[in-house]
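Structure below is my_file32.tsv: TSV, C-alpha atoms.
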chain	number	residue	atom	x	y	z
A	1158	MET	CA	112.98	50.67	-54.34
A	1159	SER	CA	112.17	53.97	-55.97
A	1160	ALA	CA	112.24	52.37	-59.43
A	1161	ALA	CA	109.84	49.68	-58.25
A	1162	LEU	CA	107.50	52.36	-57.02
A	1163	GLY	CA	107.69	54.26	-60.28
A	1164	LEU	CA	109.55	57.09	-58.58
A	1165	ALA	CA	111.97	57.77	-61.38
A	1166	ILE	CA	114.50	60.49	-60.64
A	1167	SER	CA	113.41	62.42	-63.73
A	1168	HIS	CA	110.10	63.24	-62.01
A	1169	PRO	CA	110.35	66.57	-60.25
A	1170	LEU	CA	108.55	65.36	-57.14
A	1171	SER	CA	109.63	66.81	-53.85
A	1172	PHE	CA	110.85	64.47	-51.14
A	1173	ASP	CA	107.63	65.14	-49.30
A	1174	GLU	CA	105.53	64.10	-52.30
A	1175	ARG	CA	107.64	61.02	-52.96
A	1176	LEU	CA	107.21	60.01	-49.35
A	1177	SER	CA	103.44	60.51	-49.55
A	1178	LYS	CA	103.28	58.50	-52.75
A	1179	SER	CA	105.33	55.70	-51.19
A	1180	ILE	CA	103.14	55.62	-48.10
A	1181	GLU	CA	100.04	55.41	-50.24
A	1182	TYR	CA	101.58	52.61	-52.31
A	1183	LEU	CA	102.65	50.61	-49.28
A	1184	SER	CA	99.34	50.99	-47.51
A	1185	TYR	CA	97.61	49.81	-50.70
A	1186	LYS	CA	99.95	46.82	-50.99
A	1187	ALA	CA	99.39	45.94	-47.34
A	1188	ARG	CA	95.66	45.64	-47.89
A	1189	SER	CA	93.97	42.56	-49.22
A	1190	HIS	CA	93.97	42.73	-53.01
A	1191	ASP	CA	90.36	41.90	-53.54
A	1192	ALA	CA	88.58	43.10	-56.63
A	1193	ASN	CA	86.23	45.40	-54.73
A	1194	ALA	CA	89.10	47.31	-53.11
A	1195	ALA	CA	90.85	47.61	-56.48
A	1196	TYR	CA	87.64	48.80	-58.11
A	1197	ASP	CA	87.19	51.49	-55.46
A	1198	TYR	CA	90.81	52.53	-55.77
A	1199	VAL	CA	90.70	52.86	-59.57
A	1200	SER	CA	87.39	54.74	-59.38
A	1201	ALA	CA	88.94	57.18	-56.91
A	1202	ILE	CA	91.99	57.69	-59.14
A	1203	VAL	CA	89.85	58.35	-62.22
A	1204	SER	CA	87.68	60.76	-60.24
A	1205	GLU	CA	90.69	62.67	-58.91
A	1206	GLN	CA	92.36	62.78	-62.30
A	1207	GLN	CA	89.22	64.28	-63.82
A	1208	LYS	CA	89.23	66.93	-61.11
A	1209	TYR	CA	92.92	67.66	-61.62
A	1210	ALA	CA	92.22	68.22	-65.30
A	1211	LEU	CA	89.37	70.56	-64.40
A	1212	TYR	CA	91.59	72.41	-61.91
A	1213	LYS	CA	94.34	72.87	-64.49
A	1214	GLU	CA	91.85	74.08	-67.09
A	1215	MET	CA	89.92	76.47	-64.85
A	1216	PHE	CA	92.74	77.81	-62.69
A	1217	PRO	CA	95.99	77.32	-64.62
A	1218	LYS	CA	98.00	79.84	-62.55
A	1219	GLU	CA	96.95	78.35	-59.25
A	1220	TRP	CA	97.65	74.86	-60.56
A	1221	SER	CA	101.18	75.73	-61.59
A	1222	CYS	CA	101.92	77.43	-58.24
A	1223	SER	CA	100.18	74.89	-56.04
A	1224	ARG	CA	102.17	73.03	-53.41
A	1225	ALA	CA	99.18	70.94	-52.29
A	1226	SER	CA	99.90	67.23	-52.38
A	1227	LEU	CA	98.47	64.99	-55.06
A	1228	TYR	CA	98.65	62.04	-52.64
A	1229	ARG	CA	98.02	63.14	-49.05
A	1230	ARG	CA	94.39	63.33	-48.02
A	1231	GLY	CA	92.98	66.80	-47.46
A	1232	GLN	CA	90.30	68.31	-45.25
A	1233	TYR	CA	87.66	66.30	-47.13
A	1234	GLU	CA	89.53	63.08	-46.60
A	1235	LYS	CA	88.22	61.17	-49.57
A	1236	TYR	CA	90.20	63.56	-51.76
A	1237	SER	CA	93.80	64.66	-52.04
A	1238	GLU	CA	94.96	68.04	-50.82
A	1239	ARG	CA	95.05	69.23	-54.44
A	1240	VAL	CA	91.44	68.29	-55.08
A	1241	ASN	CA	90.49	69.95	-51.80
A	1242	GLU	CA	92.20	73.06	-53.08
A	1243	LEU	CA	90.00	72.94	-56.19
A	1244	PHE	CA	86.88	72.65	-54.01
A	1245	HIS	CA	87.90	75.75	-52.08
A	1246	LEU	CA	88.71	77.69	-55.25
A	1247	ILE	CA	85.29	76.92	-56.68
A	1248	ASN	CA	83.68	77.75	-53.36
A	1249	GLU	CA	85.42	81.12	-53.23
A	1250	ARG	CA	85.27	82.16	-56.86
A	1251	CYS	CA	82.33	80.40	-58.46
A	1252	PHE	CA	79.55	79.39	-56.07
A	1253	PRO	CA	79.01	78.00	-52.55
A	1254	LEU	CA	80.02	74.40	-53.20
A	1255	LEU	CA	80.90	73.55	-49.61
A	1256	GLU	CA	77.75	74.88	-47.96
A	1257	PHE	CA	76.26	71.46	-47.30
A	1258	ALA	CA	79.58	69.83	-46.39
A	1259	HIS	CA	80.84	72.47	-44.04
A	1260	ASP	CA	82.01	70.37	-41.14
A	1261	ASP	CA	81.86	66.87	-42.48
A	1262	PRO	CA	85.28	65.57	-43.52
A	1263	GLU	CA	83.68	62.44	-44.97
A	1264	SER	CA	81.65	64.39	-47.53
A	1265	GLU	CA	81.62	63.13	-51.07
A	1266	PHE	CA	81.50	65.41	-54.06
A	1267	GLU	CA	81.19	62.96	-56.92
A	1268	HIS	CA	77.77	64.45	-57.37
A	1269	PHE	CA	76.88	67.52	-55.39
A	1270	ALA	CA	73.75	69.46	-54.49
A	1271	ILE	CA	73.53	73.23	-54.27
A	1272	PRO	CA	72.00	75.15	-51.36
A	1273	PRO	CA	68.78	77.01	-52.21
A	1274	LEU	CA	69.15	80.80	-52.09
A	1275	ASN	CA	65.43	81.50	-52.06
A	1276	VAL	CA	63.16	81.52	-49.03
A	1277	ASP	CA	61.70	78.12	-48.32
A	1278	LEU	CA	57.95	78.72	-48.31
A	1279	CYS	CA	57.07	75.06	-48.22
A	1280	CYS	CA	57.66	73.87	-44.68
A	1281	GLU	CA	59.70	76.41	-42.79
A	1282	GLU	CA	58.25	79.17	-40.70
A	1283	ILE	CA	58.48	82.53	-42.46
A	1284	TYR	CA	60.20	85.28	-40.53
A	1285	PHE	CA	58.87	88.41	-42.20
A	1286	ASP	CA	61.26	90.65	-40.32
A	1287	ASN	CA	64.13	88.97	-42.12
A	1288	LEU	CA	62.65	89.44	-45.57
A	1289	ARG	CA	63.10	92.25	-48.00
A	1290	THR	CA	60.13	94.60	-48.12
A	1291	SER	CA	59.35	93.67	-51.72
A	1292	TYR	CA	59.49	89.93	-50.98
A	1293	ALA	CA	57.19	90.38	-47.98
A	1294	ALA	CA	54.81	92.42	-50.16
A	1295	GLY	CA	54.73	89.65	-52.76
A	1296	LEU	CA	53.63	87.20	-50.10
A	1297	ILE	CA	50.17	88.83	-49.92
A	1298	PHE	CA	49.25	86.42	-52.76
A	1299	TYR	CA	50.41	83.32	-50.90
A	1300	PHE	CA	50.17	84.04	-47.16
A	1301	PRO	CA	47.75	86.99	-47.10
A	1302	ASP	CA	46.98	87.16	-43.39
A	1303	GLU	CA	50.58	87.14	-42.22
A	1304	ALA	CA	51.80	89.36	-45.06
A	1305	TRP	CA	49.14	92.05	-44.57
A	1306	GLU	CA	49.75	92.05	-40.85
A	1307	PHE	CA	53.45	92.61	-41.46
A	1308	LEU	CA	52.83	95.33	-44.09
A	1309	ASN	CA	50.35	97.05	-41.83
A	1310	GLU	CA	52.93	97.17	-39.08
A	1311	ARG	CA	55.86	98.13	-41.29
A	1312	LEU	CA	54.26	100.42	-43.91
A	1313	LYS	CA	50.95	101.36	-42.31
A	1314	VAL	CA	48.81	99.95	-45.11
A	1315	SER	CA	45.69	97.88	-44.61
A	1316	ARG	CA	44.22	95.15	-46.74
A	1317	GLY	CA	40.84	96.87	-47.02
A	1318	ALA	CA	42.32	99.80	-48.94
A	1319	PHE	CA	43.23	97.59	-51.90
A	1320	PRO	CA	41.25	95.63	-54.52
A	1321	GLU	CA	40.36	92.00	-53.96
A	1322	ILE	CA	43.09	89.62	-55.06
A	1323	ASN	CA	42.25	86.95	-57.65
A	1324	SER	CA	42.94	83.40	-56.60
A	1325	ASP	CA	45.15	82.81	-59.66
A	1326	PRO	CA	47.56	85.23	-61.27
A	1327	HIS	CA	47.19	86.59	-64.79
A	1328	PRO	CA	49.30	84.58	-67.30
A	1329	ASN	CA	51.41	87.69	-68.00
A	1330	VAL	CA	52.98	87.22	-64.57
A	1331	TRP	CA	54.96	84.27	-65.94
A	1332	ASN	CA	56.17	86.11	-69.03
A	1333	ARG	CA	59.90	86.53	-68.48
A	1334	LYS	CA	60.33	88.70	-71.55
A	1335	SER	CA	58.49	91.67	-70.03
A	1336	GLY	CA	61.61	92.67	-68.07
A	1337	SER	CA	59.39	93.81	-65.24
A	1338	LEU	CA	60.65	93.86	-61.68
A	1339	LEU	CA	57.17	93.01	-60.41
A	1340	GLY	CA	57.11	89.91	-62.59
A	1341	GLU	CA	60.61	88.96	-61.48
A	1342	LEU	CA	59.53	89.32	-57.85
A	1343	LEU	CA	56.45	87.12	-58.31
A	1344	ARG	CA	58.38	84.46	-60.19
A	1345	LEU	CA	61.01	84.51	-57.47
A	1346	ILE	CA	58.39	83.97	-54.76
A	1347	ASP	CA	56.76	81.24	-56.85
A	1348	HIS	CA	60.15	79.54	-57.29
A	1349	SER	CA	59.66	79.57	-61.04
A	1350	THR	CA	62.53	81.70	-62.29
A	1351	GLY	CA	64.26	78.93	-64.22
A	1352	ASN	CA	67.36	79.46	-62.07
A	1353	PRO	CA	68.35	76.38	-60.02
A	1354	TRP	CA	69.65	78.51	-57.13
A	1355	LEU	CA	66.27	80.23	-56.81
A	1356	ASP	CA	63.82	77.49	-57.70
A	1357	SER	CA	65.03	74.77	-55.34
A	1358	ASN	CA	64.09	74.39	-51.71
A	1359	TYR	CA	64.94	72.09	-48.84
A	1360	CYS	CA	61.68	70.15	-49.10
A	1361	GLN	CA	62.13	68.74	-52.56
A	1362	THR	CA	64.63	66.15	-53.65
A	1363	ALA	CA	67.86	67.89	-54.50
A	1364	ASP	CA	69.21	67.95	-58.04
A	1365	TRP	CA	72.65	66.39	-58.23
A	1366	TYR	CA	75.33	67.93	-60.35
A	1367	SER	CA	78.40	66.32	-61.82
A	1368	TRP	CA	82.00	67.43	-62.21
A	1369	ASP	CA	82.44	68.76	-65.67
A	1370	ARG	CA	83.38	72.14	-67.01
A	1371	GLU	CA	80.00	72.83	-68.56
A	1372	THR	CA	78.11	72.18	-65.31
A	1373	ILE	CA	80.52	74.26	-63.21
A	1374	ASP	CA	80.35	77.15	-65.69
A	1375	GLU	CA	76.58	77.01	-65.86
A	1376	LEU	CA	76.15	76.94	-62.07
A	1377	THR	CA	78.60	79.84	-61.76
A	1378	LYS	CA	76.65	81.87	-64.30
A	1379	GLU	CA	73.31	81.08	-62.66
A	1380	PHE	CA	74.65	81.88	-59.20
A	1381	LYS	CA	75.71	85.31	-60.45
A	1382	ALA	CA	72.31	85.79	-62.09
A	1383	ALA	CA	70.56	84.79	-58.85
A	1384	ASN	CA	72.50	87.41	-56.92
A	1385	GLU	CA	71.61	89.99	-59.53
A	1386	VAL	CA	67.92	89.23	-59.00
A	1387	PHE	CA	68.31	90.07	-55.30
A	1388	GLU	CA	70.32	93.13	-56.22
A	1389	ARG	CA	67.49	94.39	-58.42
A	1390	LEU	CA	64.94	93.82	-55.65
A	1391	GLY	CA	66.72	96.56	-53.70
A	1392	CYS	CA	65.32	99.05	-56.18
A	1393	LEU	CA	61.81	97.67	-55.71
A	1394	ASP	CA	62.21	97.82	-51.91
A	1395	GLU	CA	62.92	101.54	-52.14
A	1396	GLN	CA	59.93	102.19	-54.39
A	1397	ILE	CA	57.56	100.28	-52.11
A	1398	GLU	CA	58.86	101.98	-48.99
A	1399	ALA	CA	58.60	105.40	-50.66
A	1400	ASP	CA	55.01	104.93	-51.84
A	1401	PRO	CA	53.50	101.70	-50.49
A	1402	LYS	CA	49.93	102.45	-51.60
A	1403	LYS	CA	50.89	103.09	-55.20
A	1404	MET	CA	53.30	100.17	-55.49
A	1405	LEU	CA	51.06	97.62	-53.79
A	1406	SER	CA	48.19	98.71	-56.05
A	1407	ALA	CA	50.47	98.23	-59.06
A	1408	LEU	CA	51.51	94.80	-57.79
A	1409	ILE	CA	47.90	93.68	-57.24
A	1410	ASN	CA	46.87	95.08	-60.61
A	1411	PHE	CA	49.66	93.14	-62.26
A	1412	TRP	CA	48.62	89.94	-60.48
A	1413	ASN	CA	44.93	90.38	-61.30
A	1414	ASN	CA	45.10	91.86	-64.80
A	1415	GLY	CA	48.65	91.36	-66.03
A	1416	ARG	CA	49.06	95.08	-66.61
A	1417	LEU	CA	52.19	96.98	-65.70
A	1418	PRO	CA	52.44	100.71	-65.17
A	1419	ASP	CA	54.96	102.03	-67.72
A	1420	GLN	CA	57.35	103.38	-65.14
A	1421	ARG	CA	57.58	99.94	-63.53
A	1422	ARG	CA	58.64	98.10	-66.67
A	1423	VAL	CA	62.35	98.35	-66.29
A	1424	LYS	CA	63.98	100.21	-63.46
A	1425	ARG	CA	67.13	98.46	-62.56
A	1426	LYS	CA	69.85	99.84	-60.41
A	1427	ARG	CA	72.95	98.06	-59.28
A	1428	ARG	CA	72.79	97.34	-55.60
A	1429	TRP	CA	73.63	94.26	-53.57
A	1430	ARG	CA	71.60	93.14	-50.62
A	1431	LYS	CA	70.76	89.72	-49.34
A	1432	ILE	CA	67.22	88.55	-49.09
A	1433	GLN	CA	67.60	87.40	-45.53
B	152	MET	CA	72.78	20.66	-65.58
B	153	ASP	CA	74.90	18.66	-68.01
B	154	GLY	CA	75.75	15.87	-65.60
B	155	ARG	CA	78.82	17.59	-64.20
B	156	SER	CA	79.03	18.05	-60.47
B	157	PRO	CA	79.27	21.62	-59.07
B	158	LEU	CA	82.86	20.91	-58.13
B	159	GLU	CA	83.68	19.88	-61.71
B	160	ILE	CA	82.02	23.01	-63.07
B	161	LEU	CA	84.02	25.10	-60.65
B	162	ILE	CA	87.31	23.45	-61.58
B	163	GLU	CA	86.65	23.93	-65.29
B	164	GLU	CA	85.92	27.67	-64.95
B	165	GLY	CA	88.60	29.93	-66.43
B	166	GLU	CA	90.81	31.77	-63.97
B	167	GLN	CA	91.80	35.37	-64.33
B	168	ILE	CA	92.70	38.28	-62.16
B	169	ASN	CA	90.00	40.89	-62.00
B	170	PRO	CA	91.07	43.69	-64.41
B	171	ALA	CA	90.58	46.36	-61.72
B	172	ILE	CA	93.36	44.75	-59.66
B	173	LEU	CA	95.76	44.96	-62.61
B	174	LEU	CA	94.78	48.55	-63.38
B	175	ALA	CA	95.10	49.55	-59.72
B	176	GLU	CA	98.65	48.21	-59.76
B	177	GLU	CA	99.37	50.15	-62.92
B	178	PHE	CA	97.94	53.39	-61.52
B	179	MET	CA	99.89	52.95	-58.31
B	180	ARG	CA	103.09	53.25	-60.28
B	181	ARG	CA	102.04	56.38	-62.13
B	182	ASP	CA	102.91	59.87	-61.12
B	183	ALA	CA	99.62	61.59	-60.32
B	184	ALA	CA	100.94	64.83	-61.83
B	185	ASP	CA	101.01	63.13	-65.25
B	186	LEU	CA	97.35	63.64	-65.87
B	187	LEU	CA	95.42	60.93	-67.65
B	188	VAL	CA	94.34	61.90	-71.15
B	189	ALA	CA	90.81	61.32	-72.42
B	190	GLU	CA	91.70	57.97	-74.03
B	191	GLU	CA	93.21	56.71	-70.79
B	192	ILE	CA	90.15	57.78	-68.82
B	193	GLN	CA	87.94	56.00	-71.33
B	194	ARG	CA	90.08	52.85	-71.09
B	195	ALA	CA	89.88	53.00	-67.28
B	196	GLU	CA	86.12	53.39	-67.39
B	197	GLU	CA	85.80	50.38	-69.70
B	198	ILE	CA	87.99	48.32	-67.39
B	199	LEU	CA	85.92	49.45	-64.40
B	200	TYR	CA	82.78	48.34	-66.22
B	201	ASN	CA	84.25	44.89	-66.94
B	202	ALA	CA	85.57	44.63	-63.40
B	203	ARG	CA	82.17	45.46	-61.94
B	204	THR	CA	80.48	42.94	-64.26
B	205	GLU	CA	82.84	40.23	-63.04
B	206	ILE	CA	82.39	41.17	-59.40
B	207	ASP	CA	78.60	41.06	-59.77
B	208	LEU	CA	78.74	37.73	-61.59
B	209	ILE	CA	80.80	36.12	-58.84
B	210	ARG	CA	78.55	37.64	-56.20
B	211	ARG	CA	75.50	36.10	-57.89
B	212	GLN	CA	77.23	32.73	-58.15
B	213	VAL	CA	78.18	32.80	-54.47
B	214	THR	CA	74.60	33.72	-53.53
B	215	ALA	CA	73.26	30.87	-55.69
B	216	PHE	CA	75.78	28.49	-54.17
B	217	GLU	CA	74.72	29.46	-50.66
B	218	ARG	CA	71.08	28.80	-51.56
B	219	SER	CA	71.82	25.36	-52.99
B	220	PRO	CA	70.21	22.64	-50.90
B	221	ALA	CA	72.49	20.14	-49.22
B	222	HIS	CA	72.69	16.73	-50.90
B	223	PRO	CA	73.80	13.54	-49.18
B	224	SER	CA	76.88	11.98	-50.71
B	225	PRO	CA	76.42	8.54	-52.27
B	226	GLU	CA	79.73	7.51	-50.76
B	227	LEU	CA	80.45	7.28	-47.09
B	228	PRO	CA	83.64	9.19	-46.31
B	229	LEU	CA	86.33	7.24	-44.54
B	230	GLY	CA	86.22	7.51	-40.79
B	231	PHE	CA	82.42	7.53	-40.50

Could you quickly redo this structure as structure tokens?
Amino acid sequence: MSAALGLAISHPLSFDERLSKSIEYLSYKARSHDANAAYDYVSAIVSEQQKYALYKEMFPKEWSCSRASLYRRGQYEKYSERVNELFHLINERCFPLLEFAHDDPESEFEHFAIPPLNVDLCCEEIYFDNLRTSYAAGLIFYFPDEAWEFLNERLKVSRGAFPEINSDPHPNVWNRKSGSLLGELLRLIDHSTGNPWLDSNYCQTADWYSWDRETIDELTKEFKAANEVFERLGCLDEQIEADPKKMLSALINFWNNGRLPDQRRVKRKRRWRKIQ
Amino acid sequence: MDGRSPLEILIEEGEQINPAILLAEEFMRRDAADLLVAEEIQRAEEILYNARTEIDLIRRQVTAFERSPAHPSPELPLGF
């Protein structure tokens, strides 16, 4: 029987794996052999094989040590234990892949969406107490009443002590080459950073990503860059809290006139803090 | 129509097993640890494409068949 099942003795499969393979074979044979079922089966095999190749390429050590089955279904039951292992490795080491699929064993990952890291300003209520000081300050251009009320309470500054705010920002605000933290903050709030983790929100149709090395590498790189943006905001938080009048004036001046005070051009310290 | 009855057309159609069924059988016998190489993946994708084309074609034919109006037979079957 083992020869009929392609279980040649030369294959170093464990008894457990051979049993799993046999069970999968028999359950397939027991089903009606219609073309649709075969199509789905072949599609699933091709999909898993592509993920195995990715696993082996990205995590060669883990692949060679892995005891996860190539046949038994894993936590996400449309995929083998080995593919599930890949999902968890990417989730732990690259970016939060499983955020949307947390408790749903029927989740599919043929194409996947990524969870937005930025604050959703579109439809959700904004909880200013949960925001970074700098982010809350930047909201004076978008939600002035709520933002000034929060800043007044937190930093004891009032709207009347500052210049009028133009309805539209100066074009310099969108210039990414300036290296300015104030510009980075405003682009973050505007969801126009160019980083998919920061520019997406729950209201818009999600972008769907596919399983290839280039996409995984790019999302990993952008996820790291997104976290670095939040890290840099920590520096701006400190500056605003230390001298709110001066920093808010600089922020409004930048919005209205596109001018940056020299000392604000680049001041980047390494520090990690979440936005919410 | 070329004068042939639907039954005659059906009988004269070529018969083949959908290629996905044959490939599924082949994959079932493989060891999953022997990863498919790029050429094999490409071959599988081509077969999937052909399999899907055939599935869709049959589905359309079945749908058309179901929509066909009933026609009375010119001959009275025995027993009626």

**Report entry** Within 10 Å of chain B: residues of chain A, using all atoms listed in the file, as number ranges by chain
**Finding:** A: 1160-1165, 1168-1170, 1175, 1178-1179, 1181-1183, 1185-1186, 1190-1200, 1202-1210, 1213, 1226-1228

Find the spatial neighbours of Asn1248 of chain A, counting all atoms listed in the file, within a cut-off of 12 Å - ignore same-chain residues fewer than 2 positions away - and output them as a short mmCIF file (atom, residue, chain, number, x, y, z; two decimals) with C-alpha atoms, in the coordinates of the input.
data_model
loop_
_atom_site.label_atom_id
_atom_site.label_comp_id
_atom_site.auth_asym_id
_atom_site.auth_seq_id
_atom_site.Cartn_x
_atom_site.Cartn_y
_atom_site.Cartn_z
CA ASN A 1241 90.49 69.95 -51.80
CA GLU A 1242 92.20 73.06 -53.08
CA LEU A 1243 90.00 72.94 -56.19
CA PHE A 1244 86.88 72.65 -54.01
CA HIS A 1245 87.90 75.75 -52.08
CA LEU A 1246 88.71 77.69 -55.25
CA ARG A 1250 85.27 82.16 -56.86
CA CYS A 1251 82.33 80.40 -58.46
CA PHE A 1252 79.55 79.39 -56.07
CA PRO A 1253 79.01 78.00 -52.55
CA LEU A 1254 80.02 74.40 -53.20
CA LEU A 1255 80.90 73.55 -49.61
CA GLU A 1256 77.75 74.88 -47.96
CA PHE A 1257 76.26 71.46 -47.30
CA ALA A 1258 79.58 69.83 -46.39
CA HIS A 1259 80.84 72.47 -44.04
CA ILE A 1271 73.53 73.23 -54.27
CA ILE A 1373 80.52 74.26 -63.21
CA LEU A 1376 76.15 76.94 -62.07
CA THR A 1377 78.60 79.84 -61.76
CA PHE A 1380 74.65 81.88 -59.20
#

Requested in this report: Identify the residues around (50.7, 95.1, -67.0) within a radius of 12 Å, measuring from all atoms listed in the file in the coordinates stated by the file, and give them as a ChimeraX atom specification.
Outcome: /A:1326-1332,1335-1340,1406-1422

Report summary line: Across A:His1348, A:Arg1230, A:Lys1378, A:Arg1389, the smallest distance to Arg1289 of chain A, with all atoms listed in the file counted, is shown by A:Arg1389

Query raised in the report: So what do you get for atom CA of Phe1319 of chain A versus atom CA of Asn1287 of chain A, distance-wise?
Result: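 According to the coordinates, atom CA of Phe1319 of chain A and atom CA of Asn1287 of chain A are separated by 24.6 Å.
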
For segment 1303-1312 of chain A, list every protein, DNA or RNA residue within 7 Å, evaluated using only C-alpha atoms, and leave out those in the same chain fewer than 4 positions away; present the list as a PDB file with C-alpha atoms, keeping the file's coordinate frame.
ATOM      1  CA  PHE A1285      58.870  88.410 -42.200  1.00  0.00           C
ATOM      2  CA  ALA A1293      57.190  90.380 -47.980  1.00  0.00           C
ATOM      3  CA  ALA A1294      54.810  92.420 -50.160  1.00  0.00           C
ATOM      4  CA  LEU A1296      53.630  87.200 -50.100  1.00  0.00           C
ATOM      5  CA  ILE A1297      50.170  88.830 -49.920  1.00  0.00           C
ATOM      6  CA  ARG A1316      44.220  95.150 -46.740  1.00  0.00           C
ATOM      7  CA  PRO A1401      53.500 101.700 -50.490  1.00  0.00           C
TER       8      PRO A1401
END

Report task. Give the answer as one residue: which of A:Asn1352, A:Ser1223, A:Ser1315, A:Ser1367 has the shortest atom-to-atom distance to Glu1265 of chain A, using only C-alpha atoms? Result ->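 So, comparing all the options, the nearest one is A:Ser1367.
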